[in-house]
Amino acid sequence: MREEAFRFGRARHLVGIAGVPEGSLGETGVIVLNAGLVHRIGPFRLHVDLTRQLNAAGYPTLRFDLSTLGDSGASGGGLTRTQQVCADVDDAMKLLAERAGCERFVLVGLCSGAQNAHTVAASDPRVSGAVFLDGYAYQTLGYKLRHYLPRMFDAARWARFLRQRASGGATEKPASEPVFSVAPAPREEVIADFTGMVGRGMKLYLVYSGGISYCFNHARQFRECFGKVMDHPAITTSYRAETDHTYILSGDRARLVDGIGGWLARNFPPAAGRHA
Amino acid sequence: MRTDPELPFFFGADSGLFGMYHAPASTPRRAVLMCPPLGQELIRTHRLYRQLAQQLAAQGVAVLRFDYHGTGDSAGGSTEVDWQRCIGDAVTAAGELRSRAGVDRVVAFGARLGGSIALGAADRARFSEVIAWDPVIDGDDYVAALDAMQGALREDADRFNQPRSHADVAEQWLGFDIGDGLRKQIQGLHVAPANVPTLVLDSLPPDATPRWEHLVSRRGKVASISPPTPWGDLRRLESAILSHPLIQAVTGRLTEDA
């Protein structure tokens, strides 16, 4: 299988790499969004590893740069950033539909990519699945107990605190809530979005890393943050305490890619063939 | 047929190399091949390379950015990166640029190991000049620095909740698997001067600046850029390297030679 490079979109302002395996026409397509400001290859080439492994498993993929990120330009037209993200992903879905006949799509995003994937997934009926890596998170009561209680009984920490106070230095400040590296969305809104997504048949995979320990620190926190919708069978969660936010170690990266591949195979088996 | 000023495409023997061609508005008389560094430095300089390419194209220079086999969007895995193949890819890319731009004169630009590759490929690629930004000229030192950063990464409390095992971080440099072959190749790297004019742009801290004289003793010069570039700062490992002075220095060099 050979990857193809495209300049595409309503203003031919987007740049992306499509991988279309032989005989995969009509399958679910996987679209990977930028993580922060990193161009489409992803942190430490994560998106390249992911899309190629998914291609090998039979999924058509597209990794691309949103407007003004990576190699993509601006489309013009005075859209808000949210409207622009939706329009860019619409362009991406059209390209993958044209190249591979895909009618349904799974979006994958890390950090701000998760936020952008969430925005599109909440409103676009063509999105049938999403992988949110370190997406929205909120400091819950459980988080605070797990975070602060051990510190209360840490003598060394108290000694450091008292030394700093005696010298008039800065003390450790608790982070404010909610926390998201781009822009937080109200928690009730996010819960309503998740409820709507699974209500219309979407499958979700939420993976959180130890790299966001300033706001998320236990597998139980999925339920604490988002309530009973997390019990829905269409939602799979995974908390990887040992890893960092951008999966810098190749072993962590390989396990993440395998995890996404396994989730896709269970929920969107390529062998299922054409979708109506 | 519509022509895009920036065209992404694959090229090379197996169409495995990714390139981005920046076409100037008018017929170019000169061209620049931008050789990227390796590893995380490739990602950190992506935006700067694009900015520089756009500026050069705006002043009438045809530019090709590309990724070596096993890097960026090109075919191959990280463990397949090979020094000699990188040099061969730079030669292939220079030919591709000549063909697309319709010009014979190609200047090479490269940051860090990209500068070293440009110097190593100069003869075969028939570069007319090499502009190397903080090139790596002593591979042994570079490998030692990467190993030290990788060791510190293992117990970086800003990144991991608990220190990782030695096995977890082994055979990698700052996010990328490293084949044993590449490690040895870089370890043994001693960059020789190219037989073409060479401009070294130096933005290393004063105490880390190597002796550039042997690179530029025949035809060329060294120019300083400030402030120093934080190539080796683990805390800024994922911060983009941006440098307006660097863009000014390169575009200025190309302008004075027009």
# chains A, B, ... in the order shown; residues from 1 in each chain; ligands from 1
$ interface_residues --of "chain A" --to "chain B" --cutoff "10 Å" --atoms "only C-alpha atoms" --output "short mmCIF file (atom, residue, chain, number, x, y, z; two decimals) with all heavy atoms, in the first residue's frame"
data_model
loop_
_atom_site.label_atom_id
_atom_site.label_comp_id
_atom_site.auth_asym_id
_atom_site.auth_seq_id
_atom_site.Cartn_x
_atom_site.Cartn_y
_atom_site.Cartn_z
N ARG A 2 0.48 2.21 -0.80
CA ARG A 2 1.25 3.44 -0.88
C ARG A 2 0.39 4.59 -0.36
O ARG A 2 -0.80 4.67 -0.65
CB ARG A 2 1.64 3.70 -2.32
CG ARG A 2 2.53 4.90 -2.51
CD ARG A 2 2.84 5.13 -3.96
NE ARG A 2 3.57 4.02 -4.55
CZ ARG A 2 3.75 3.88 -5.86
NH1 ARG A 2 3.22 4.72 -6.69
NH2 ARG A 2 4.45 2.86 -6.32
N GLU A 3 1.01 5.48 0.40
CA GLU A 3 0.29 6.66 0.86
C GLU A 3 0.28 7.72 -0.24
O GLU A 3 1.19 7.77 -1.07
CB GLU A 3 0.96 7.23 2.12
CG GLU A 3 0.83 6.29 3.32
CD GLU A 3 1.55 6.84 4.55
OE1 GLU A 3 2.57 7.53 4.38
OE2 GLU A 3 1.10 6.55 5.67
N GLU A 4 -0.74 8.55 -0.23
CA GLU A 4 -0.84 9.64 -1.21
C GLU A 4 -0.92 10.97 -0.48
O GLU A 4 -1.59 11.08 0.55
CB GLU A 4 -2.09 9.49 -2.07
CG GLU A 4 -2.04 8.35 -3.05
CD GLU A 4 -3.30 8.33 -3.90
OE1 GLU A 4 -4.33 7.81 -3.42
OE2 GLU A 4 -3.28 8.85 -5.02
N ALA A 5 -0.25 11.98 -1.04
CA ALA A 5 -0.27 13.32 -0.45
C ALA A 5 -1.31 14.17 -1.17
O ALA A 5 -1.41 14.12 -2.40
CB ALA A 5 1.11 13.95 -0.57
N PHE A 6 -2.06 14.93 -0.41
CA PHE A 6 -3.11 15.74 -1.01
C PHE A 6 -3.07 17.18 -0.51
O PHE A 6 -2.78 17.44 0.66
CB PHE A 6 -4.50 15.18 -0.66
CG PHE A 6 -4.79 13.89 -1.37
CD1 PHE A 6 -4.56 12.68 -0.73
CD2 PHE A 6 -5.27 13.88 -2.66
CE1 PHE A 6 -4.81 11.48 -1.37
CE2 PHE A 6 -5.53 12.69 -3.31
CZ PHE A 6 -5.30 11.49 -2.67
N ARG A 7 -3.38 18.08 -1.42
CA ARG A 7 -3.81 19.43 -1.06
C ARG A 7 -5.29 19.45 -1.38
O ARG A 7 -5.70 19.09 -2.50
CB ARG A 7 -3.04 20.44 -1.90
CG ARG A 7 -3.49 21.88 -1.71
CD ARG A 7 -2.51 22.85 -2.32
NE ARG A 7 -1.31 22.93 -1.52
CZ ARG A 7 -1.21 23.55 -0.34
NH1 ARG A 7 -2.24 24.17 0.17
NH2 ARG A 7 -0.08 23.57 0.32
N ARG A 12 -8.58 24.63 -1.13
CA ARG A 12 -7.33 23.88 -1.36
C ARG A 12 -6.25 24.36 -0.38
O ARG A 12 -5.07 24.51 -0.73
CB ARG A 12 -6.85 24.05 -2.81
CG ARG A 12 -7.72 23.31 -3.80
CD ARG A 12 -7.20 23.40 -5.22
NE ARG A 12 -5.89 22.79 -5.40
CZ ARG A 12 -5.68 21.49 -5.55
NH1 ARG A 12 -6.69 20.65 -5.51
NH2 ARG A 12 -4.46 21.02 -5.74
N HIS A 13 -6.69 24.54 0.85
CA HIS A 13 -5.78 25.10 1.85
C HIS A 13 -5.26 24.03 2.80
O HIS A 13 -4.41 24.32 3.64
CB HIS A 13 -6.50 26.18 2.66
CG HIS A 13 -7.70 25.68 3.41
ND1 HIS A 13 -8.76 25.05 2.79
CD2 HIS A 13 -8.00 25.70 4.73
CE1 HIS A 13 -9.66 24.71 3.70
NE2 HIS A 13 -9.22 25.08 4.89
N VAL A 15 -3.53 20.25 3.87
CA VAL A 15 -2.55 19.26 3.42
C VAL A 15 -2.71 18.00 4.27
O VAL A 15 -2.82 18.08 5.50
CB VAL A 15 -1.10 19.80 3.56
CG1 VAL A 15 -0.08 18.70 3.31
CG2 VAL A 15 -0.88 20.96 2.59
N GLY A 16 -2.76 16.87 3.61
CA GLY A 16 -2.92 15.62 4.35
C GLY A 16 -2.36 14.43 3.59
O GLY A 16 -2.08 14.51 2.39
N ILE A 17 -2.19 13.34 4.32
CA ILE A 17 -1.68 12.09 3.74
C ILE A 17 -2.74 11.03 3.93
O ILE A 17 -3.14 10.72 5.06
CB ILE A 17 -0.38 11.64 4.45
CG1 ILE A 17 0.65 12.78 4.51
CG2 ILE A 17 0.18 10.39 3.78
CD1 ILE A 17 1.28 13.16 3.21
N LEU A 37 0.06 22.01 18.41
CA LEU A 37 0.58 22.67 17.21
C LEU A 37 1.47 21.76 16.37
O LEU A 37 2.04 22.19 15.38
CB LEU A 37 1.38 23.92 17.63
CG LEU A 37 0.61 24.98 18.41
CD1 LEU A 37 1.53 26.13 18.80
CD2 LEU A 37 -0.56 25.51 17.58
N VAL A 38 1.59 20.50 16.78
CA VAL A 38 2.46 19.57 16.05
C VAL A 38 1.86 19.26 14.69
O VAL A 38 0.64 19.03 14.59
CB VAL A 38 2.64 18.26 16.84
CG1 VAL A 38 3.57 17.30 16.09
CG2 VAL A 38 3.19 18.54 18.23
N HIS A 39 2.67 19.24 13.64
CA HIS A 39 2.10 18.96 12.32
C HIS A 39 1.63 17.51 12.23
O HIS A 39 1.77 16.74 13.16
CB HIS A 39 3.04 19.39 11.20
CG HIS A 39 4.24 18.54 10.94
ND1 HIS A 39 5.32 18.47 11.77
CD2 HIS A 39 4.54 17.73 9.89
CE1 HIS A 39 6.23 17.66 11.25
NE2 HIS A 39 5.78 17.20 10.12
N ARG A 40 1.07 17.17 11.13
CA ARG A 40 0.24 15.94 11.02
C ARG A 40 0.96 14.64 11.36
O ARG A 40 0.31 13.62 11.57
CB ARG A 40 -0.35 15.84 9.60
CG ARG A 40 0.75 15.69 8.58
CD ARG A 40 0.37 15.88 7.15
NE ARG A 40 1.60 16.00 6.38
CZ ARG A 40 2.26 17.15 6.21
NH1 ARG A 40 1.77 18.26 6.68
NH2 ARG A 40 3.41 17.15 5.57
N ILE A 41 2.29 14.63 11.43
CA ILE A 41 2.96 13.36 11.77
C ILE A 41 2.75 13.01 13.24
O ILE A 41 2.92 11.88 13.64
CB ILE A 41 4.47 13.37 11.42
CG1 ILE A 41 5.27 14.26 12.36
CG2 ILE A 41 4.69 13.75 9.97
CD1 ILE A 41 6.78 14.10 12.20
N GLY A 42 2.32 14.00 14.04
CA GLY A 42 2.00 13.74 15.44
C GLY A 42 3.21 13.78 16.35
O GLY A 42 4.35 13.78 15.89
N PRO A 43 2.96 13.83 17.66
CA PRO A 43 4.07 13.86 18.61
C PRO A 43 4.95 12.61 18.44
O PRO A 43 4.43 11.49 18.46
CB PRO A 43 3.39 13.83 19.98
CG PRO A 43 1.99 14.27 19.73
CD PRO A 43 1.65 13.84 18.33
N PHE A 44 6.22 12.82 18.22
CA PHE A 44 7.16 11.69 18.06
C PHE A 44 6.70 10.72 16.96
O PHE A 44 6.89 9.53 17.04
CB PHE A 44 7.37 10.97 19.40
CG PHE A 44 7.61 11.93 20.52
CD1 PHE A 44 6.67 12.14 21.51
CD2 PHE A 44 8.78 12.68 20.55
CE1 PHE A 44 6.88 13.06 22.51
CE2 PHE A 44 9.00 13.61 21.56
CZ PHE A 44 8.04 13.81 22.54
N ARG A 45 6.01 11.27 15.96
CA ARG A 45 5.55 10.50 14.78
C ARG A 45 4.43 9.51 15.14
O ARG A 45 4.20 8.53 14.44
CB ARG A 45 6.72 9.76 14.14
CG ARG A 45 6.75 9.85 12.61
CD ARG A 45 7.99 9.20 12.06
NE ARG A 45 7.94 9.09 10.60
CZ ARG A 45 8.34 8.01 9.94
NH1 ARG A 45 8.78 6.96 10.58
NH2 ARG A 45 8.30 7.99 8.63
N LEU A 46 3.72 9.78 16.21
CA LEU A 46 2.62 8.91 16.66
C LEU A 46 1.58 8.70 15.56
O LEU A 46 1.10 7.58 15.34
CB LEU A 46 1.96 9.52 17.90
CG LEU A 46 0.62 8.96 18.35
CD1 LEU A 46 0.76 7.51 18.80
CD2 LEU A 46 0.01 9.79 19.48
N HIS A 47 1.21 9.77 14.86
CA HIS A 47 0.14 9.65 13.88
C HIS A 47 0.56 8.83 12.66
O HIS A 47 -0.28 8.19 12.01
CB HIS A 47 -0.33 11.04 13.44
CG HIS A 47 -0.91 11.85 14.57
ND1 HIS A 47 -1.28 13.16 14.43
CD2 HIS A 47 -1.15 11.54 15.87
CE1 HIS A 47 -1.75 13.62 15.59
NE2 HIS A 47 -1.65 12.65 16.48
N VAL A 48 1.86 8.86 12.36
CA VAL A 48 2.36 8.04 11.25
C VAL A 48 2.29 6.57 11.65
O VAL A 48 1.78 5.72 10.91
CB VAL A 48 3.81 8.44 10.88
CG1 VAL A 48 4.38 7.52 9.81
CG2 VAL A 48 3.85 9.89 10.42
N ASP A 49 2.79 6.27 12.85
CA ASP A 49 2.74 4.88 13.33
C ASP A 49 1.30 4.38 13.38
O ASP A 49 1.00 3.26 12.96
CB ASP A 49 3.34 4.77 14.74
CG ASP A 49 4.84 5.06 14.78
OD1 ASP A 49 5.47 5.01 13.71
OD2 ASP A 49 5.36 5.34 15.87
N ARG A 52 -0.43 4.00 9.76
CA ARG A 52 0.14 2.89 8.98
C ARG A 52 -0.27 1.55 9.56
O ARG A 52 -0.54 0.60 8.83
CB ARG A 52 1.66 3.03 8.89
CG ARG A 52 2.04 4.18 7.97
CD ARG A 52 3.54 4.36 7.84
NE ARG A 52 3.81 5.52 6.99
CZ ARG A 52 5.00 6.07 6.82
NH1 ARG A 52 6.05 5.55 7.45
NH2 ARG A 52 5.16 7.10 6.04
N ARG A 63 -4.33 11.49 7.81
CA ARG A 63 -3.77 12.40 8.83
C ARG A 63 -3.56 13.73 8.11
O ARG A 63 -2.99 13.76 7.01
CB ARG A 63 -2.47 11.84 9.43
CG ARG A 63 -1.37 11.53 8.45
CD ARG A 63 -0.09 11.04 9.13
NE ARG A 63 1.01 10.92 8.19
CZ ARG A 63 1.30 9.83 7.48
NH1 ARG A 63 0.56 8.73 7.61
NH2 ARG A 63 2.31 9.82 6.63
N LEU A 69 -2.44 25.21 10.75
CA LEU A 69 -1.50 24.34 11.48
C LEU A 69 -0.65 23.57 10.46
O LEU A 69 -1.09 23.34 9.32
CB LEU A 69 -2.24 23.35 12.37
CG LEU A 69 -3.06 23.94 13.52
CD1 LEU A 69 -3.78 22.82 14.28
CD2 LEU A 69 -2.17 24.73 14.47
N GLY A 70 0.54 23.15 10.88
CA GLY A 70 1.39 22.34 10.01
C GLY A 70 1.60 23.01 8.66
O GLY A 70 2.03 24.16 8.59
N ASP A 71 1.25 22.30 7.59
CA ASP A 71 1.44 22.84 6.24
C ASP A 71 0.16 23.43 5.66
O ASP A 71 0.14 23.81 4.49
CB ASP A 71 1.95 21.73 5.31
CG ASP A 71 3.41 21.39 5.60
OD1 ASP A 71 4.21 22.32 5.72
OD2 ASP A 71 3.73 20.19 5.72
N SER A 72 -0.90 23.47 6.44
CA SER A 72 -2.17 23.99 5.91
C SER A 72 -2.25 25.50 6.09
O SER A 72 -1.76 26.05 7.06
CB SER A 72 -3.36 23.32 6.61
OG SER A 72 -3.44 21.95 6.23
N GLY A 73 -2.91 26.13 5.12
CA GLY A 73 -3.08 27.58 5.17
C GLY A 73 -4.44 27.94 5.73
O GLY A 73 -5.18 27.09 6.23
N SER A 209 -3.93 9.83 30.21
CA SER A 209 -2.56 9.45 30.59
C SER A 209 -2.18 10.05 31.94
O SER A 209 -2.83 11.00 32.42
CB SER A 209 -1.58 9.98 29.53
OG SER A 209 -1.42 11.39 29.67
N GLY A 210 -1.11 9.53 32.51
CA GLY A 210 -0.57 10.10 33.74
C GLY A 210 0.01 11.49 33.52
O GLY A 210 0.30 12.20 34.48
N GLY A 211 0.17 11.88 32.26
CA GLY A 211 0.72 13.19 31.94
C GLY A 211 -0.21 14.34 32.24
O GLY A 211 0.21 15.50 32.17
N ILE A 212 -1.48 14.03 32.56
CA ILE A 212 -2.39 15.12 32.95
C ILE A 212 -2.79 14.95 34.42
O ILE A 212 -3.94 15.17 34.80
CB ILE A 212 -3.63 15.21 32.03
CG1 ILE A 212 -4.38 13.87 31.96
CG2 ILE A 212 -3.24 15.67 30.63
CD1 ILE A 212 -5.77 14.00 31.33
N SER A 213 -1.80 14.59 35.22
CA SER A 213 -2.09 14.33 36.64
C SER A 213 -2.48 15.59 37.39
O SER A 213 -2.92 15.52 38.53
CB SER A 213 -0.89 13.66 37.32
OG SER A 213 0.23 14.48 37.19
N ASN A 217 -6.37 11.62 37.88
CA ASN A 217 -5.40 10.76 38.55
C ASN A 217 -5.89 9.35 38.89
O ASN A 217 -5.23 8.63 39.64
CB ASN A 217 -4.85 11.44 39.82
CG ASN A 217 -5.94 11.77 40.82
OD1 ASN A 217 -7.09 11.32 40.68
ND2 ASN A 217 -5.60 12.55 41.84
N ALA A 241 -1.66 5.38 33.77
CA ALA A 241 -0.98 6.25 34.75
C ALA A 241 0.51 6.40 34.48
O ALA A 241 1.11 7.43 34.79
CB ALA A 241 -1.19 5.69 36.15
N GLU A 242 1.12 5.38 33.92
CA GLU A 242 2.58 5.39 33.78
C GLU A 242 3.06 6.27 32.62
O GLU A 242 4.22 6.66 32.59
CB GLU A 242 3.10 3.95 33.61
CG GLU A 242 2.84 3.29 32.27
CD GLU A 242 1.39 2.86 32.05
OE1 GLU A 242 0.54 3.05 32.94
OE2 GLU A 242 1.10 2.34 30.96
N THR A 243 2.17 6.58 31.67
CA THR A 243 2.64 7.27 30.47
C THR A 243 2.58 8.78 30.63
O THR A 243 1.90 9.31 31.51
CB THR A 243 1.81 6.90 29.24
OG1 THR A 243 0.51 7.48 29.38
CG2 THR A 243 1.67 5.41 29.09
N ASP A 244 3.29 9.45 29.77
CA ASP A 244 3.23 10.92 29.72
C ASP A 244 2.15 11.33 28.71
O ASP A 244 1.58 10.50 28.00
CB ASP A 244 4.59 11.50 29.36
CG ASP A 244 5.03 11.10 27.97
OD1 ASP A 244 4.79 9.93 27.59
OD2 ASP A 244 5.59 11.92 27.25
N HIS A 245 1.93 12.62 28.62
CA HIS A 245 0.84 13.18 27.81
C HIS A 245 1.02 12.92 26.32
O HIS A 245 0.05 12.75 25.59
CB HIS A 245 0.79 14.69 28.10
CG HIS A 245 -0.24 15.45 27.37
ND1 HIS A 245 -1.57 15.08 27.31
CD2 HIS A 245 -0.15 16.62 26.66
CE1 HIS A 245 -2.25 15.98 26.61
NE2 HIS A 245 -1.41 16.91 26.21
N THR A 246 2.27 12.91 25.84
CA THR A 246 2.49 12.78 24.40
C THR A 246 3.14 11.45 24.00
O THR A 246 3.59 11.31 22.87
CB THR A 246 3.35 13.96 23.87
OG1 THR A 246 4.49 14.12 24.73
CG2 THR A 246 2.56 15.26 23.84
N TYR A 247 3.21 10.51 24.92
CA TYR A 247 3.68 9.15 24.62
C TYR A 247 5.09 9.17 24.02
O TYR A 247 5.33 8.66 22.94
CB TYR A 247 2.69 8.44 23.68
CG TYR A 247 1.34 8.24 24.34
CD1 TYR A 247 0.39 9.25 24.35
CD2 TYR A 247 1.03 7.05 24.99
CE1 TYR A 247 -0.83 9.10 24.99
CE2 TYR A 247 -0.19 6.87 25.62
CZ TYR A 247 -1.12 7.90 25.62
OH TYR A 247 -2.32 7.73 26.25
N ILE A 248 5.99 9.75 24.77
CA ILE A 248 7.36 9.90 24.25
C ILE A 248 8.11 8.57 24.15
O ILE A 248 8.98 8.42 23.30
CB ILE A 248 8.16 10.91 25.12
CG1 ILE A 248 9.47 11.31 24.43
CG2 ILE A 248 8.44 10.34 26.51
CD1 ILE A 248 10.20 12.45 25.08
N LEU A 249 7.76 7.60 24.99
CA LEU A 249 8.47 6.32 24.95
C LEU A 249 7.82 5.40 23.91
O LEU A 249 6.59 5.25 23.87
CB LEU A 249 8.48 5.67 26.32
CG LEU A 249 9.17 6.49 27.43
CD1 LEU A 249 9.17 5.71 28.76
CD2 LEU A 249 10.61 6.85 27.04
N SER A 250 8.66 4.79 23.10
CA SER A 250 8.11 4.03 21.97
C SER A 250 7.27 2.84 22.43
O SER A 250 6.33 2.46 21.75
CB SER A 250 9.23 3.59 21.02
OG SER A 250 10.18 2.82 21.70
N GLY A 251 7.60 2.28 23.59
CA GLY A 251 6.80 1.17 24.11
C GLY A 251 5.39 1.63 24.48
O GLY A 251 4.39 0.96 24.18
N ASP A 252 5.29 2.78 25.12
CA ASP A 252 3.98 3.35 25.46
C ASP A 252 3.18 3.65 24.19
O ASP A 252 1.97 3.43 24.11
CB ASP A 252 4.14 4.65 26.25
CG ASP A 252 4.73 4.43 27.64
OD1 ASP A 252 4.71 3.27 28.11
OD2 ASP A 252 5.20 5.41 28.25
N ARG A 253 3.92 4.16 23.22
CA ARG A 253 3.26 4.53 21.95
C ARG A 253 2.73 3.27 21.26
O ARG A 253 1.61 3.27 20.76
CB ARG A 253 4.29 5.24 21.08
CG ARG A 253 3.72 6.30 20.19
CD ARG A 253 4.73 7.34 19.80
NE ARG A 253 5.95 6.85 19.20
CZ ARG A 253 7.16 7.11 19.66
NH1 ARG A 253 7.31 7.88 20.71
NH2 ARG A 253 8.22 6.65 19.05
#
$ residues_around --residues "region 121-128 of chain A" --least-positions-apart "6" --cutoff "10 Å" --atoms "only C-alpha atoms" --output "list in words"
Thr28, Gly29, Val30, Cys86, Val89, Asp90, Met93, Cys102, Glu103, Arg104, Phe105, Val106, Leu107, Gln115, Val190, Ala192, Asp193, Phe194, Thr195, Gly196, Met197, Val198, Arg200, Gly201, Met202, Lys203, Leu204, Asn267 and Phe268 of chain A
$ residues_around --residues "region 88-101 of chain B" --least-positions-apart "5" --cutoff "10 Å" --atoms "only C-alpha atoms" --output "PyMOL selection string"
chain B and resi 11-13+17-19+21-24+27-36+61-69+82-83+106-108+114+117-118+120-127
$ select_by_dssp --residues "region 8-253 of chain A" --states "strand (DSSP E or B)" --output "PyMOL selection string"
chain A and resi 8+14-19+29-32+61-65+105-110+127-133+137+179+203-209+235-240
$ write_last_selection --atoms "C-alpha atoms" --output "PDB file, in the first residue's frame"
ATOM      1  CA  PHE A   8      -7.536  19.602  -0.604  1.00  0.00           C
ATOM      2  CA  LEU A  14      -5.404  21.752   3.652  1.00  0.00           C
ATOM      3  CA  VAL A  15      -2.550  19.259   3.421  1.00  0.00           C
ATOM      4  CA  GLY A  16      -2.921  15.618   4.351  1.00  0.00           C
ATOM      5  CA  ILE A  17      -1.675  12.094   3.740  1.00  0.00           C
ATOM      6  CA  ALA A  18      -4.206   9.400   2.875  1.00  0.00           C
ATOM      7  CA  GLY A  19      -3.531   5.702   3.212  1.00  0.00           C
ATOM      8  CA  GLY A  29     -12.347   5.716   7.551  1.00  0.00           C
ATOM      9  CA  VAL A  30     -10.120   6.960  10.352  1.00  0.00           C
ATOM     10  CA  ILE A  31      -9.181  10.653  10.462  1.00  0.00           C
ATOM     11  CA  VAL A  32      -6.424  11.844  12.798  1.00  0.00           C
ATOM     12  CA  THR A  61      -6.870   6.729   7.030  1.00  0.00           C
ATOM     13  CA  LEU A  62      -6.157  10.398   6.665  1.00  0.00           C
ATOM     14  CA  ARG A  63      -3.766  12.398   8.828  1.00  0.00           C
ATOM     15  CA  PHE A  64      -3.984  16.058   7.991  1.00  0.00           C
ATOM     16  CA  ASP A  65      -3.312  19.579   9.193  1.00  0.00           C
ATOM     17  CA  PHE A 105     -15.712   7.946  10.117  1.00  0.00           C
ATOM     18  CA  VAL A 106     -13.816   7.557  13.341  1.00  0.00           C
ATOM     19  CA  LEU A 107     -11.986  10.657  14.578  1.00  0.00           C
ATOM     20  CA  VAL A 108      -8.829  10.434  16.668  1.00  0.00           C
ATOM     21  CA  GLY A 109      -7.397  13.376  18.584  1.00  0.00           C
ATOM     22  CA  LEU A 110      -4.977  14.061  21.422  1.00  0.00           C
ATOM     23  CA  VAL A 127     -18.949  10.362  12.711  1.00  0.00           C
ATOM     24  CA  SER A 128     -19.638   6.909  14.109  1.00  0.00           C
ATOM     25  CA  GLY A 129     -16.763   6.683  16.539  1.00  0.00           C
ATOM     26  CA  ALA A 130     -14.132   8.758  18.282  1.00  0.00           C
ATOM     27  CA  VAL A 131     -10.930   8.241  20.209  1.00  0.00           C
ATOM     28  CA  PHE A 132     -10.320  11.036  22.698  1.00  0.00           C
ATOM     29  CA  LEU A 133      -6.785  11.051  24.113  1.00  0.00           C
ATOM     30  CA  ALA A 137     -11.274  16.448  32.370  1.00  0.00           C
ATOM     31  CA  VAL A 179      -8.551  22.161  33.384  1.00  0.00           C
ATOM     32  CA  LYS A 203     -18.719   4.248  19.936  1.00  0.00           C
ATOM     33  CA  LEU A 204     -16.234   6.150  22.091  1.00  0.00           C
ATOM     34  CA  TYR A 205     -12.777   5.315  23.397  1.00  0.00           C
ATOM     35  CA  LEU A 206     -11.469   7.618  26.122  1.00  0.00           C
ATOM     36  CA  VAL A 207      -7.786   7.197  26.944  1.00  0.00           C
ATOM     37  CA  TYR A 208      -6.226   9.361  29.653  1.00  0.00           C
ATOM     38  CA  SER A 209      -2.558   9.455  30.585  1.00  0.00           C
ATOM     39  CA  ILE A 235     -17.957   3.753  25.868  1.00  0.00           C
ATOM     40  CA  THR A 236     -14.576   2.232  26.575  1.00  0.00           C
ATOM     41  CA  THR A 237     -12.177   3.929  28.955  1.00  0.00           C
ATOM     42  CA  SER A 238      -8.524   3.442  29.712  1.00  0.00           C
ATOM     43  CA  TYR A 239      -6.300   5.196  32.233  1.00  0.00           C
ATOM     44  CA  ARG A 240      -2.569   4.809  31.626  1.00  0.00           C
TER      45      ARG A 240
END
$ closest_residue --among "B:Gly139, B:Ile225, B:Ala57, B:Arg105" --to "Pro5 (chain B)" --atoms "only C-alpha atoms"
B:Ala57
$ atom_distance --atom1 "CA of Ile186 (chain B)" --atom2 "CA of Ala249 (chain B)"
27.7 Å
